[in-house]
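S.K.: Below you'll find entry-v9.csv; it's CSV, C-alpha atoms.
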```csv
chain,number,residue,atom,x,y,z
A,10,GLY,CA,-0.1,16.6,-5.7
A,11,ALA,CA,-0.7,14.1,-2.9
A,12,VAL,CA,2.9,13.3,-2.2
A,13,VAL,CA,3.9,11.3,0.9
A,14,SER,CA,7.5,11.0,2.0
A,15,GLN,CA,9.3,8.7,4.4
A,16,HIS,CA,12.6,9.0,6.2
A,17,PRO,CA,14.9,7.1,6.3
A,18,SER,CA,14.5,5.0,3.1
A,19,TRP,CA,16.7,2.3,4.7
A,20,VAL,CA,18.2,1.7,8.1
A,21,ILE,CA,20.4,-0.9,9.7
A,22,CYS,CA,20.5,-1.1,13.5
A,23,LYS,CA,21.8,-3.4,16.2
A,24,SER,CA,19.5,-5.7,18.1
A,25,GLY,CA,18.1,-4.0,21.2
A,26,THR,CA,18.2,-0.4,19.8
A,27,SER,CA,15.2,1.7,18.8
A,28,VAL,CA,14.5,3.1,15.4
A,29,LYS,CA,12.2,6.0,14.4
A,30,ILE,CA,10.6,6.2,11.0
A,31,GLU,CA,9.0,9.5,9.8
A,32,CYS,CA,6.0,9.8,7.4
A,33,ARG,CA,5.1,13.2,6.0
A,34,SER,CA,2.4,14.4,3.7
A,35,LEU,CA,4.1,17.1,1.7
A,36,ASP,CA,1.3,18.9,-0.1
A,37,PHE,CA,-1.8,18.1,1.8
A,38,GLN,CA,-3.1,17.7,5.4
A,39,ALA,CA,-3.7,14.2,6.5
A,40,THR,CA,-5.9,13.7,9.5
A,41,THR,CA,-5.5,9.9,9.2
A,42,MET,CA,-2.3,8.0,8.4
A,43,PHE,CA,-1.7,4.3,8.2
A,44,TRP,CA,1.3,2.1,8.8
A,45,TYR,CA,1.9,-1.2,6.9
A,46,ARG,CA,4.4,-3.9,7.0
A,47,GLN,CA,5.5,-6.0,4.0
A,48,PHE,CA,7.6,-9.2,4.1
A,49,PRO,CA,9.4,-10.3,0.9
A,50,LYS,CA,7.1,-11.5,-1.9
A,51,GLN,CA,4.0,-10.9,0.3
A,52,SER,CA,1.2,-8.4,0.4
A,53,LEU,CA,0.9,-5.4,2.7
A,54,MET,CA,-0.3,-6.0,6.2
A,55,LEU,CA,-1.9,-3.1,8.1
A,56,MET,CA,-0.3,-2.5,11.5
A,57,ALA,CA,-2.1,0.6,12.8
A,58,THR,CA,-4.2,3.6,12.0
A,59,SER,CA,-3.0,7.0,13.2
A,60,ASN,CA,-5.2,9.9,13.8
A,61,GLU,CA,-3.8,13.4,14.4
A,62,GLY,CA,-3.9,14.3,18.1
A,63,SER,CA,-5.2,10.9,19.4
A,64,LYS,CA,-3.9,7.5,20.2
A,65,ALA,CA,-3.2,5.1,17.4
A,66,THR,CA,-5.5,2.1,16.8
A,67,TYR,CA,-3.5,-1.1,16.4
A,68,GLU,CA,-4.5,-4.2,14.4
A,69,GLN,CA,-4.9,-7.5,16.3
A,70,GLY,CA,-1.6,-9.1,16.9
A,71,VAL,CA,0.5,-5.9,16.7
A,72,GLU,CA,2.4,-5.1,19.9
A,73,LYS,CA,1.6,-1.5,20.9
A,74,ASP,CA,4.7,-1.3,23.2
A,75,LYS,CA,7.0,-2.4,20.4
A,76,PHE,CA,5.6,-0.3,17.6
A,77,LEU,CA,5.0,3.2,19.0
A,78,ILE,CA,3.1,5.6,16.8
A,79,ASN,CA,2.8,9.3,17.2
A,80,HIS,CA,0.7,11.6,14.9
A,81,ALA,CA,1.7,15.0,16.3
A,82,SER,CA,0.5,17.1,13.4
A,83,LEU,CA,-1.6,17.0,10.3
A,84,THR,CA,1.5,16.3,8.2
A,85,LEU,CA,3.6,14.1,10.3
A,86,SER,CA,3.3,10.6,11.8
A,87,THR,CA,6.2,8.6,13.3
A,88,LEU,CA,6.7,4.9,13.9
A,89,THR,CA,9.3,3.9,16.5
A,90,VAL,CA,10.4,0.3,16.6
A,91,THR,CA,11.5,-0.2,20.2
A,92,SER,CA,14.1,-2.8,21.3
A,93,ALA,CA,14.4,-4.0,17.8
A,94,HIS,CA,15.2,-7.7,17.1
A,95,PRO,CA,16.1,-9.4,13.8
A,96,GLU,CA,12.5,-10.6,13.4
A,97,ASP,CA,11.4,-6.9,13.1
A,98,SER,CA,13.4,-6.6,9.9
A,99,SER,CA,10.9,-5.8,7.2
A,100,PHE,CA,9.7,-3.1,4.8
A,101,TYR,CA,7.6,-0.5,6.5
A,102,ILE,CA,5.2,1.7,4.4
A,103,CYS,CA,3.0,4.5,5.5
A,104,SER,CA,0.0,6.0,3.7
A,105,ALA,CA,-2.2,9.1,4.2
A,106,ARG,CA,-5.6,10.2,3.1
A,107,ASP,CA,-5.9,13.4,1.2
A,108,GLY,CA,-8.5,15.5,3.0
A,109,GLY,CA,-10.1,16.3,-0.3
A,110,ASN,CA,-11.0,12.6,-0.8
A,111,GLU,CA,-11.7,10.8,2.4
A,112,TYR,CA,-11.2,7.4,0.9
A,113,GLU,CA,-8.3,7.5,-1.5
A,114,GLN,CA,-4.9,6.7,0.1
A,115,TYR,CA,-1.4,7.8,-1.0
A,116,PHE,CA,1.7,5.8,-0.1
A,117,GLY,CA,5.2,6.7,1.0
A,118,PRO,CA,8.2,5.1,-0.7
A,119,GLY,CA,8.8,2.8,2.3
A,120,THR,CA,11.6,2.2,4.8
A,121,ARG,CA,13.6,-1.0,4.7
A,122,LEU,CA,14.7,-1.9,8.3
A,123,THR,CA,17.4,-4.5,8.9
A,124,VAL,CA,18.2,-5.5,12.5
A,125,THR,CA,21.5,-7.2,13.0
B,24,GLY,CA,-12.7,-8.1,7.2
B,25,ILE,CA,-13.2,-7.8,3.5
B,26,GLN,CA,-11.6,-10.6,1.5
B,27,VAL,CA,-9.8,-9.6,-1.7
B,28,GLU,CA,-8.7,-12.2,-4.3
B,29,GLN,CA,-6.5,-11.3,-7.3
B,30,SER,CA,-5.9,-13.4,-10.3
B,31,PRO,CA,-3.8,-14.6,-11.9
B,32,PRO,CA,-1.0,-14.7,-9.3
B,33,ASP,CA,1.7,-14.5,-12.0
B,34,LEU,CA,1.6,-13.3,-15.6
B,35,ILE,CA,4.3,-13.4,-18.2
B,36,LEU,CA,3.9,-11.3,-21.3
B,37,GLN,CA,5.7,-10.6,-24.4
B,38,GLU,CA,6.3,-6.9,-25.0
B,39,GLY,CA,3.4,-5.5,-27.0
B,40,ALA,CA,0.8,-7.9,-25.6
B,41,ASN,CA,-2.4,-7.0,-23.8
B,42,SER,CA,-3.6,-8.4,-20.5
B,43,THR,CA,-6.3,-8.4,-17.9
B,44,LEU,CA,-5.9,-8.6,-14.2
B,45,ARG,CA,-8.9,-9.4,-12.0
B,46,CYS,CA,-9.8,-8.4,-8.4
B,47,ASN,CA,-12.8,-10.0,-6.6
B,48,PHE,CA,-13.9,-8.7,-3.2
B,49,SER,CA,-16.3,-10.0,-0.6
B,50,ASP,CA,-18.4,-7.0,0.4
B,51,SER,CA,-19.6,-3.6,-0.8
B,52,VAL,CA,-16.9,-0.9,-0.5
B,53,ASN,CA,-16.4,2.8,-0.7
B,54,ASN,CA,-12.9,2.6,-2.0
B,55,LEU,CA,-11.1,0.5,-4.5
B,56,GLN,CA,-7.6,1.3,-5.7
B,57,TRP,CA,-5.1,-0.3,-8.1
B,58,PHE,CA,-1.4,0.1,-7.4
B,59,HIS,CA,1.8,-0.9,-9.2
B,60,GLN,CA,4.7,-1.7,-6.8
B,61,ASN,CA,8.0,-0.9,-8.5
B,62,PRO,CA,11.2,-2.8,-7.9
B,63,TRP,CA,12.2,-0.4,-5.2
B,64,GLY,CA,9.0,-1.0,-3.3
B,65,GLN,CA,7.2,2.2,-4.0
B,66,LEU,CA,3.4,1.9,-4.5
B,67,ILE,CA,2.3,3.9,-7.4
B,68,ASN,CA,-1.4,4.9,-7.5
B,69,LEU,CA,-2.9,3.7,-10.8
B,70,PHE,CA,-6.6,4.2,-10.2
B,71,TYR,CA,-9.1,5.2,-7.5
B,72,ILE,CA,-12.1,3.4,-8.9
B,73,PRO,CA,-14.9,2.3,-6.5
B,74,SER,CA,-17.2,2.1,-9.6
B,75,GLY,CA,-17.2,2.7,-13.3
B,76,THR,CA,-14.5,2.9,-15.9
B,77,LYS,CA,-11.3,5.0,-16.1
B,78,GLN,CA,-8.4,5.2,-18.5
B,79,ASN,CA,-4.9,6.5,-18.2
B,80,GLY,CA,-2.7,6.0,-21.2
B,81,ARG,CA,-2.2,2.3,-21.9
B,82,LEU,CA,-4.0,1.4,-18.6
B,83,SER,CA,-7.7,1.2,-18.0
B,84,ALA,CA,-9.8,-0.1,-15.2
B,85,THR,CA,-13.4,-1.1,-14.7
B,86,THR,CA,-15.2,-1.8,-11.4
B,87,VAL,CA,-18.6,-3.4,-11.3
B,88,ALA,CA,-19.5,-2.7,-7.7
B,89,THR,CA,-22.8,-4.6,-7.8
B,90,GLU,CA,-20.9,-7.8,-8.7
B,91,ARG,CA,-17.9,-7.1,-6.5
B,92,TYR,CA,-15.1,-7.2,-9.0
B,93,SER,CA,-12.7,-5.0,-10.8
B,94,LEU,CA,-10.5,-5.5,-13.8
B,95,LEU,CA,-7.3,-3.8,-14.8
B,96,TYR,CA,-6.3,-3.8,-18.4
B,97,ILE,CA,-2.8,-3.3,-19.7
B,98,SER,CA,-2.5,-2.7,-23.4
B,99,SER,CA,0.6,-2.8,-25.6
B,100,SER,CA,2.7,-3.9,-22.5
B,101,GLN,CA,6.2,-2.6,-22.1
B,102,THR,CA,9.1,-3.9,-20.0
B,103,THR,CA,8.6,-1.0,-17.6
B,104,ASP,CA,5.2,-2.4,-16.8
B,105,SER,CA,6.8,-5.3,-14.9
B,106,GLY,CA,6.2,-5.5,-11.2
B,107,VAL,CA,3.5,-6.4,-8.8
B,108,TYR,CA,0.0,-5.1,-9.2
B,109,PHE,CA,-2.2,-4.8,-6.1
B,110,CYS,CA,-5.9,-4.3,-5.7
B,111,ALA,CA,-7.0,-2.8,-2.4
B,112,VAL,CA,-10.5,-2.1,-1.1
B,113,SER,CA,-12.0,-0.5,2.0
B,114,ASN,CA,-14.8,1.1,3.8
B,115,TYR,CA,-12.2,2.7,6.1
B,116,LYS,CA,-9.0,0.6,6.3
B,117,LEU,CA,-7.6,-0.8,3.1
B,118,SER,CA,-7.5,-4.6,2.6
B,119,PHE,CA,-5.0,-5.7,0.0
B,120,GLY,CA,-5.1,-8.7,-2.3
B,121,ALA,CA,-2.1,-10.9,-2.7
B,122,GLY,CA,-1.1,-9.2,-5.9
B,123,THR,CA,-0.3,-10.2,-9.5
B,124,THR,CA,3.3,-10.4,-10.5
B,125,VAL,CA,3.7,-9.2,-14.1
B,126,THR,CA,6.8,-9.9,-16.1
B,127,VAL,CA,7.1,-8.3,-19.5
B,128,ARG,CA,9.8,-9.8,-21.7
B,129,ALA,CA,11.4,-7.8,-24.5
```
When written as C-alpha coordinates, how does the structure in this file appear?

M.R.:
Amino acid sequence: GAVVSQHPSWVICKSGTSVKIECRSLDFQATTMFWYRQFPKQSLMLMATSNEGSKATYEQGVEKDKFLINHASLTLSTLTVTSAHPEDSSFYICSARDGGNEYEQYFGPGTRLTVT
Amino acid sequence: GIQVEQSPPDLILQEGANSTLRCNFSDSVNNLQWFHQNPWGQLINLFYIPSGTKQNGRLSATTVATERYSLLYISSSQTTDSGVYFCAVSNYKLSFGAGTTVTVRA
(Lines of atoms letter the chains of each structure in order from A and count residues from 1; the text may use other names and numbers.)
(Lines give C-alpha, C1' and ligand atoms only; values in the text may rest on other atoms or scores of the structure.)
Protein backbone atom coordinates (compact mmCIF):
# COMPACT_ATOMS: atom_id res chain seq x y z
CA GLY A 1 0.00 0.00 0.00
CA ALA A 2 0.80 3.76 0.00
CA VAL A 3 2.12 3.96 -3.55
CA VAL A 4 2.82 7.27 -5.28
CA SER A 5 3.47 7.51 -9.00
CA GLN A 6 4.90 10.28 -11.14
CA HIS A 7 4.70 10.86 -14.85
CA PRO A 8 6.80 11.30 -16.86
CA SER A 9 9.89 9.73 -15.30
CA TRP A 10 12.11 11.84 -17.49
CA VAL A 11 11.55 14.66 -19.98
CA ILE A 12 13.70 16.76 -22.27
CA CYS A 13 12.29 20.06 -23.47
CA LYS A 14 13.49 23.15 -25.27
CA SER A 15 14.11 26.43 -23.51
CA GLY A 16 10.95 28.55 -23.38
CA THR A 17 8.47 25.69 -23.40
CA SER A 18 6.32 24.45 -20.49
CA VAL A 19 6.38 21.01 -18.93
CA LYS A 20 3.71 19.36 -16.77
CA ILE A 21 4.55 16.68 -14.19
CA GLU A 22 1.82 14.56 -12.63
CA CYS A 23 1.86 13.05 -9.15
CA ARG A 24 -0.74 10.45 -8.21
CA SER A 25 -1.51 8.56 -5.03
CA LEU A 26 -2.55 5.14 -6.33
CA ASP A 27 -4.09 3.39 -3.36
CA PHE A 28 -4.95 6.13 -0.89
CA GLN A 29 -6.42 9.61 -0.76
CA ALA A 30 -3.94 12.39 -0.20
CA THR A 31 -5.32 15.67 1.07
CA THR A 32 -1.79 17.06 1.12
CA MET A 33 0.99 16.59 -1.40
CA PHE A 34 4.45 18.10 -1.47
CA TRP A 35 6.84 18.99 -4.29
CA TYR A 36 10.61 18.79 -3.87
CA ARG A 37 13.59 19.58 -6.03
CA GLN A 38 16.92 17.80 -5.84
CA PHE A 39 20.19 18.84 -7.46
CA PRO A 40 22.96 16.27 -8.07
CA LYS A 41 24.60 15.03 -4.88
CA GLN A 42 22.42 17.29 -2.76
CA SER A 43 19.51 16.81 -0.42
CA LEU A 44 15.85 17.42 -1.17
CA MET A 45 14.55 20.97 -1.05
CA LEU A 46 10.85 21.55 -0.44
CA MET A 47 9.31 23.76 -3.11
CA ALA A 48 5.63 23.86 -2.17
CA THR A 49 2.81 22.25 -0.25
CA SER A 50 -0.31 21.36 -2.19
CA ASN A 51 -3.71 20.93 -0.55
CA GLU A 52 -6.67 19.53 -2.46
CA GLY A 53 -9.03 22.26 -3.60
CA SER A 54 -6.93 25.19 -2.44
CA LYS A 55 -3.96 27.21 -3.56
CA ALA A 56 -0.50 25.82 -3.03
CA THR A 57 1.82 27.28 -0.41
CA TYR A 58 5.26 28.03 -1.77
CA GLU A 59 8.52 28.07 0.14
CA GLN A 60 10.53 31.25 0.28
CA GLY A 61 12.48 31.85 -2.90
CA VAL A 62 10.31 29.62 -5.12
CA GLU A 63 8.68 31.51 -7.98
CA LYS A 64 4.93 30.92 -7.97
CA ASP A 65 4.51 32.00 -11.59
CA LYS A 66 7.24 29.67 -12.82
CA PHE A 67 6.19 26.57 -10.86
CA LEU A 68 2.42 26.26 -11.12
CA ILE A 69 0.86 23.67 -8.82
CA ASN A 70 -2.68 22.32 -9.09
CA HIS A 71 -4.17 19.80 -6.67
CA ALA A 72 -7.49 19.12 -8.39
CA SER A 73 -8.44 15.88 -6.65
CA LEU A 74 -7.54 13.74 -3.66
CA THR A 75 -5.28 11.58 -5.82
CA LEU A 76 -3.68 14.00 -8.27
CA SER A 77 -1.37 17.00 -8.05
CA THR A 78 0.43 18.56 -10.99
CA LEU A 79 3.52 20.73 -11.25
CA THR A 80 3.93 22.83 -14.40
CA VAL A 81 7.30 24.39 -15.09
CA THR A 82 6.49 27.38 -17.26
CA SER A 83 8.88 28.96 -19.77
CA ALA A 84 11.56 26.49 -18.75
CA HIS A 85 15.22 27.46 -18.88
CA PRO A 86 18.36 25.33 -18.51
CA GLU A 87 18.69 26.33 -14.84
CA ASP A 88 15.33 24.62 -14.21
CA SER A 89 16.92 21.29 -15.10
CA SER A 90 16.69 19.15 -12.01
CA PHE A 91 15.14 16.09 -10.37
CA TYR A 92 11.60 16.82 -9.18
CA ILE A 93 10.00 14.55 -6.57
CA CYS A 94 6.51 14.59 -5.12
CA SER A 95 5.26 13.09 -1.90
CA ALA A 96 1.88 12.50 -0.33
CA ARG A 97 0.51 11.83 3.12
CA ASP A 98 -1.53 8.73 3.69
CA GLY A 99 -4.76 9.84 5.31
CA GLY A 100 -4.48 7.03 7.83
CA ASN A 101 -1.30 8.57 9.23
CA GLU A 102 -1.24 12.31 9.08
CA TYR A 103 2.52 12.57 9.43
CA GLU A 104 4.17 9.83 7.38
CA GLN A 105 4.97 10.74 3.78
CA TYR A 106 5.41 8.50 0.74
CA PHE A 107 7.45 9.59 -2.23
CA GLY A 108 7.06 9.21 -5.95
CA PRO A 109 9.90 7.90 -8.13
CA GLY A 110 10.82 11.39 -9.35
CA THR A 111 10.95 13.16 -12.71
CA ARG A 112 14.25 14.12 -14.29
CA LEU A 113 13.83 17.35 -16.30
CA THR A 114 16.46 18.48 -18.80
CA VAL A 115 15.98 21.83 -20.51
CA THR A 116 18.10 22.35 -23.62
CA GLY B 1 12.96 25.65 10.51
CA ILE B 2 14.15 22.46 12.15
CA GLN B 3 17.83 21.72 11.56
CA VAL B 4 18.83 18.16 10.74
CA GLU B 5 22.40 16.89 10.88
CA GLN B 6 23.45 13.48 9.64
CA SER B 7 26.73 11.72 10.27
CA PRO B 8 28.96 10.47 8.87
CA PRO B 9 28.61 12.08 5.43
CA ASP B 10 30.26 9.09 3.75
CA LEU B 11 30.67 5.49 4.80
CA ILE B 12 32.57 2.72 3.05
CA LEU B 13 31.88 -0.81 4.23
CA GLN B 14 33.07 -4.26 3.39
CA GLU B 15 30.25 -6.65 2.64
CA GLY B 16 29.09 -8.29 5.84
CA ALA B 17 30.05 -5.40 8.12
CA ASN B 18 27.71 -3.59 10.50
CA SER B 19 27.28 0.16 10.69
CA THR B 20 25.44 2.95 12.49
CA LEU B 21 24.15 6.16 10.94
CA ARG B 22 23.17 9.08 13.15
CA CYS B 23 20.60 11.87 12.79
CA ASN B 24 20.46 14.85 15.18
CA PHE B 25 17.61 17.35 15.04
CA SER B 26 17.13 20.73 16.65
CA ASP B 27 13.54 20.66 17.93
CA SER B 28 10.79 18.30 19.03
CA VAL B 29 9.02 16.62 16.11
CA ASN B 30 5.91 14.59 15.32
CA ASN B 31 7.50 12.75 12.44
CA LEU B 32 10.89 11.22 11.80
CA GLN B 33 11.49 9.08 8.74
CA TRP B 34 14.52 7.24 7.36
CA PHE B 35 14.80 6.78 3.61
CA HIS B 36 17.13 4.99 1.22
CA GLN B 37 17.56 6.69 -2.13
CA ASN B 38 18.43 4.13 -4.76
CA PRO B 39 20.64 4.82 -7.82
CA TRP B 40 17.55 5.74 -9.88
CA GLY B 41 16.54 8.40 -7.37
CA GLN B 42 13.58 6.63 -5.79
CA LEU B 43 13.19 7.30 -2.08
CA ILE B 44 12.36 4.08 -0.28
CA ASN B 45 10.62 4.40 3.08
CA LEU B 46 12.68 2.51 5.64
CA PHE B 47 11.14 3.60 8.92
CA TYR B 48 8.54 5.96 10.30
CA ILE B 49 9.94 6.32 13.80
CA PRO B 50 9.19 9.50 15.79
CA SER B 51 10.15 7.57 18.93
CA GLY B 52 11.13 4.09 20.07
CA THR B 53 12.78 1.22 18.25
CA LYS B 54 11.79 -0.70 15.13
CA GLN B 55 13.35 -3.50 13.16
CA ASN B 56 12.90 -4.66 9.59
CA GLY B 57 15.15 -7.50 8.55
CA ARG B 58 18.79 -6.40 8.69
CA LEU B 59 17.82 -2.81 9.39
CA SER B 60 16.75 -1.32 12.69
CA ALA B 61 16.25 2.18 13.99
CA THR B 62 16.00 3.89 17.34
CA THR B 63 14.79 7.41 18.06
CA VAL B 64 15.33 9.06 21.42
CA ALA B 65 12.95 11.98 21.07
CA THR B 66 13.84 13.58 24.40
CA GLU B 67 17.48 13.82 23.31
CA ARG B 68 16.64 14.68 19.69
CA TYR B 69 18.52 12.01 17.84
CA SER B 70 17.88 8.88 15.85
CA LEU B 71 20.14 6.00 14.84
CA LEU B 72 19.86 3.67 11.86
CA TYR B 73 21.64 0.33 12.14
CA ILE B 74 22.64 -1.74 9.14
CA SER B 75 23.75 -5.27 9.97
CA SER B 76 25.50 -7.76 7.69
CA SER B 77 25.66 -5.16 4.92
CA GLN B 78 25.18 -6.18 1.30
CA THR B 79 26.16 -4.42 -1.92
CA THR B 80 22.49 -3.64 -2.51
CA ASP B 81 22.56 -1.49 0.63
CA SER B 82 24.68 1.06 -1.24
CA GLY B 83 23.10 4.44 -1.80
CA VAL B 84 22.21 7.57 0.10
CA TYR B 85 20.37 7.36 3.41
CA PHE B 86 18.32 10.36 4.43
CA CYS B 87 16.80 11.28 7.75
CA ALA B 88 13.86 13.69 7.61
CA VAL B 89 11.85 15.25 10.42
CA SER B 90 8.74 17.38 10.65
CA ASN B 91 5.88 18.79 12.59
CA TYR B 92 4.17 19.39 9.23
CA LYS B 93 6.74 19.88 6.44
CA LEU B 94 9.64 17.47 6.20
CA SER B 95 13.15 18.84 6.67
CA PHE B 96 15.85 16.61 5.25
CA GLY B 97 19.37 16.07 6.44
CA ALA B 98 22.24 16.16 3.95
CA GLY B 99 22.34 12.37 3.80
CA THR B 100 24.91 9.66 4.38
CA THR B 101 26.37 8.05 1.26
CA VAL B 102 26.98 4.37 1.92
CA THR B 103 29.19 2.27 -0.33
CA VAL B 104 29.31 -1.46 0.33
CA ARG B 105 32.19 -3.27 -1.37
CA ALA B 106 32.09 -6.95 -2.25

S.K.: Tell me which residues come within 10 Å of (-0.4, -9.5, -21.4), as a list in words, counting only C-alpha atoms in the file's coordinates.

M.R.: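 Looking at atoms near the point gives Leu34, Ile35, Leu36, Gln37, Glu38, Gly39, Ala40, Asn41, Ser42, Thr43, Leu44, Tyr96, Ile97, Ser98, Ser99, Ser100, Gln101, Val125, Thr126 and Val127 of chain B.
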
S.K.: Using all atoms listed in the file, find the residues of chain B whose closest atom to chain A is at most 10 Å away, then write them as a ChimeraX atom specification.

M.R.: /B:53-56,58,60-61,63-68,70-73,107,109,111-122,124

S.K.: Which value, in Å to one decimal, gives the distance between CA of Val12 (chain A) and CA of Ser83 (chain B)?

M.R.: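 CA of Val12 (chain A) sits 22.5 Å away from CA of Ser83 (chain B).
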
S.K.: Figure out the distance between CA of Val87 (chain B) and CA of Gln29 (chain B), please, to one decimal in Å.

M.R.: 15.0 Å

S.K.: Please list, as a list in words, the residues that have an atom at most 7 Å away from (17.4, -3.5, 20.8) in the coordinates of this file, counting all atoms listed in the file.

M.R.: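 Residues lying no farther than 7 Å from the given point: Lys23, Ser24, Gly25, Thr26, Ser27, Thr91, Ser92, Ala93 and His94 of chain A.
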
S.K.: Missing atoms in region 33-50 of chain A: can you complete it with N, CA, C and O atoms, as a PDB file, keeping the file's coordinate frame?

M.R.:
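Result saved to out35.pdb:
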```pdb
ATOM      1  N   ARG A  33       5.618  11.825   6.206  1.00  0.00           N
ATOM      2  CA  ARG A  33       5.100  13.200   6.000  1.00  0.00           C
ATOM      3  C   ARG A  33       4.247  13.306   4.778  1.00  0.00           C
ATOM      4  O   ARG A  33       4.593  12.769   3.720  1.00  0.00           O
ATOM      5  N   SER A  34       3.121  14.012   4.923  1.00  0.00           N
ATOM      6  CA  SER A  34       2.400  14.400   3.700  1.00  0.00           C
ATOM      7  C   SER A  34       2.874  15.774   3.334  1.00  0.00           C
ATOM      8  O   SER A  34       2.865  16.705   4.124  1.00  0.00           O
ATOM      9  N   LEU A  35       3.375  15.881   2.096  1.00  0.00           N
ATOM     10  CA  LEU A  35       4.100  17.100   1.700  1.00  0.00           C
ATOM     11  C   LEU A  35       3.226  18.193   1.178  1.00  0.00           C
ATOM     12  O   LEU A  35       3.569  19.375   1.312  1.00  0.00           O
ATOM     13  N   ASP A  36       2.121  17.875   0.560  1.00  0.00           N
ATOM     14  CA  ASP A  36       1.300  18.900  -0.100  1.00  0.00           C
ATOM     15  C   ASP A  36      -0.154  18.833   0.290  1.00  0.00           C
ATOM     16  O   ASP A  36      -0.994  19.396  -0.414  1.00  0.00           O
ATOM     17  N   PHE A  37      -0.463  18.158   1.376  1.00  0.00           N
ATOM     18  CA  PHE A  37      -1.800  18.100   1.800  1.00  0.00           C
ATOM     19  C   PHE A  37      -1.838  17.784   3.325  1.00  0.00           C
ATOM     20  O   PHE A  37      -0.832  17.327   3.880  1.00  0.00           O
ATOM     21  N   GLN A  38      -2.970  18.025   3.963  1.00  0.00           N
ATOM     22  CA  GLN A  38      -3.100  17.700   5.400  1.00  0.00           C
ATOM     23  C   GLN A  38      -3.772  16.350   5.526  1.00  0.00           C
ATOM     24  O   GLN A  38      -4.785  16.075   4.879  1.00  0.00           O
ATOM     25  N   ALA A  39      -3.193  15.542   6.356  1.00  0.00           N
ATOM     26  CA  ALA A  39      -3.700  14.200   6.500  1.00  0.00           C
ATOM     27  C   ALA A  39      -4.129  13.951   7.950  1.00  0.00           C
ATOM     28  O   ALA A  39      -3.314  13.830   8.854  1.00  0.00           O
ATOM     29  N   THR A  40      -5.433  13.919   8.140  1.00  0.00           N
ATOM     30  CA  THR A  40      -5.900  13.700   9.500  1.00  0.00           C
ATOM     31  C   THR A  40      -5.737  12.209   9.881  1.00  0.00           C
ATOM     32  O   THR A  40      -5.670  11.888  11.055  1.00  0.00           O
ATOM     33  N   THR A  41      -5.638  11.345   8.893  1.00  0.00           N
ATOM     34  CA  THR A  41      -5.500   9.900   9.200  1.00  0.00           C
ATOM     35  C   THR A  41      -4.286   9.389   8.353  1.00  0.00           C
ATOM     36  O   THR A  41      -4.192   9.623   7.148  1.00  0.00           O
ATOM     37  N   MET A  42      -3.394   8.684   9.033  1.00  0.00           N
ATOM     38  CA  MET A  42      -2.300   8.000   8.400  1.00  0.00           C
ATOM     39  C   MET A  42      -2.304   6.540   8.795  1.00  0.00           C
ATOM     40  O   MET A  42      -2.828   6.207   9.869  1.00  0.00           O
ATOM     41  N   PHE A  43      -1.733   5.691   7.959  1.00  0.00           N
ATOM     42  CA  PHE A  43      -1.700   4.300   8.200  1.00  0.00           C
ATOM     43  C   PHE A  43      -0.304   3.734   8.098  1.00  0.00           C
ATOM     44  O   PHE A  43       0.497   4.226   7.293  1.00  0.00           O
ATOM     45  N   TRP A  44      -0.007   2.715   8.894  1.00  0.00           N
ATOM     46  CA  TRP A  44       1.300   2.100   8.800  1.00  0.00           C
ATOM     47  C   TRP A  44       1.124   0.607   8.453  1.00  0.00           C
ATOM     48  O   TRP A  44       0.297  -0.106   9.020  1.00  0.00           O
ATOM     49  N   TYR A  45       1.932   0.191   7.453  1.00  0.00           N
ATOM     50  CA  TYR A  45       1.900  -1.200   6.900  1.00  0.00           C
ATOM     51  C   TYR A  45       3.252  -1.811   7.060  1.00  0.00           C
ATOM     52  O   TYR A  45       4.278  -1.139   7.108  1.00  0.00           O
ATOM     53  N   ARG A  46       3.223  -3.130   7.028  1.00  0.00           N
ATOM     54  CA  ARG A  46       4.400  -3.900   7.000  1.00  0.00           C
ATOM     55  C   ARG A  46       4.359  -4.892   5.866  1.00  0.00           C
ATOM     56  O   ARG A  46       3.277  -5.445   5.599  1.00  0.00           O
ATOM     57  N   GLN A  47       5.481  -5.075   5.178  1.00  0.00           N
ATOM     58  CA  GLN A  47       5.500  -6.000   4.000  1.00  0.00           C
ATOM     59  C   GLN A  47       6.714  -6.883   4.111  1.00  0.00           C
ATOM     60  O   GLN A  47       7.844  -6.378   4.132  1.00  0.00           O
ATOM     61  N   PHE A  48       6.486  -8.198   4.113  1.00  0.00           N
ATOM     62  CA  PHE A  48       7.600  -9.200   4.100  1.00  0.00           C
ATOM     63  C   PHE A  48       7.838  -9.489   2.579  1.00  0.00           C
ATOM     64  O   PHE A  48       6.959  -9.308   1.727  1.00  0.00           O
ATOM     65  N   PRO A  49       9.051  -9.989   2.282  1.00  0.00           N
ATOM     66  CA  PRO A  49       9.400 -10.300   0.900  1.00  0.00           C
ATOM     67  C   PRO A  49       8.374 -11.165   0.194  1.00  0.00           C
ATOM     68  O   PRO A  49       7.919 -12.165   0.745  1.00  0.00           O
ATOM     69  N   LYS A  50       8.011 -10.756  -1.001  1.00  0.00           N
ATOM     70  CA  LYS A  50       7.100 -11.500  -1.900  1.00  0.00           C
ATOM     71  C   LYS A  50       5.713 -11.701  -1.216  1.00  0.00           C
ATOM     72  O   LYS A  50       5.011 -12.663  -1.545  1.00  0.00           O
TER      73      LYS A  50
END
```
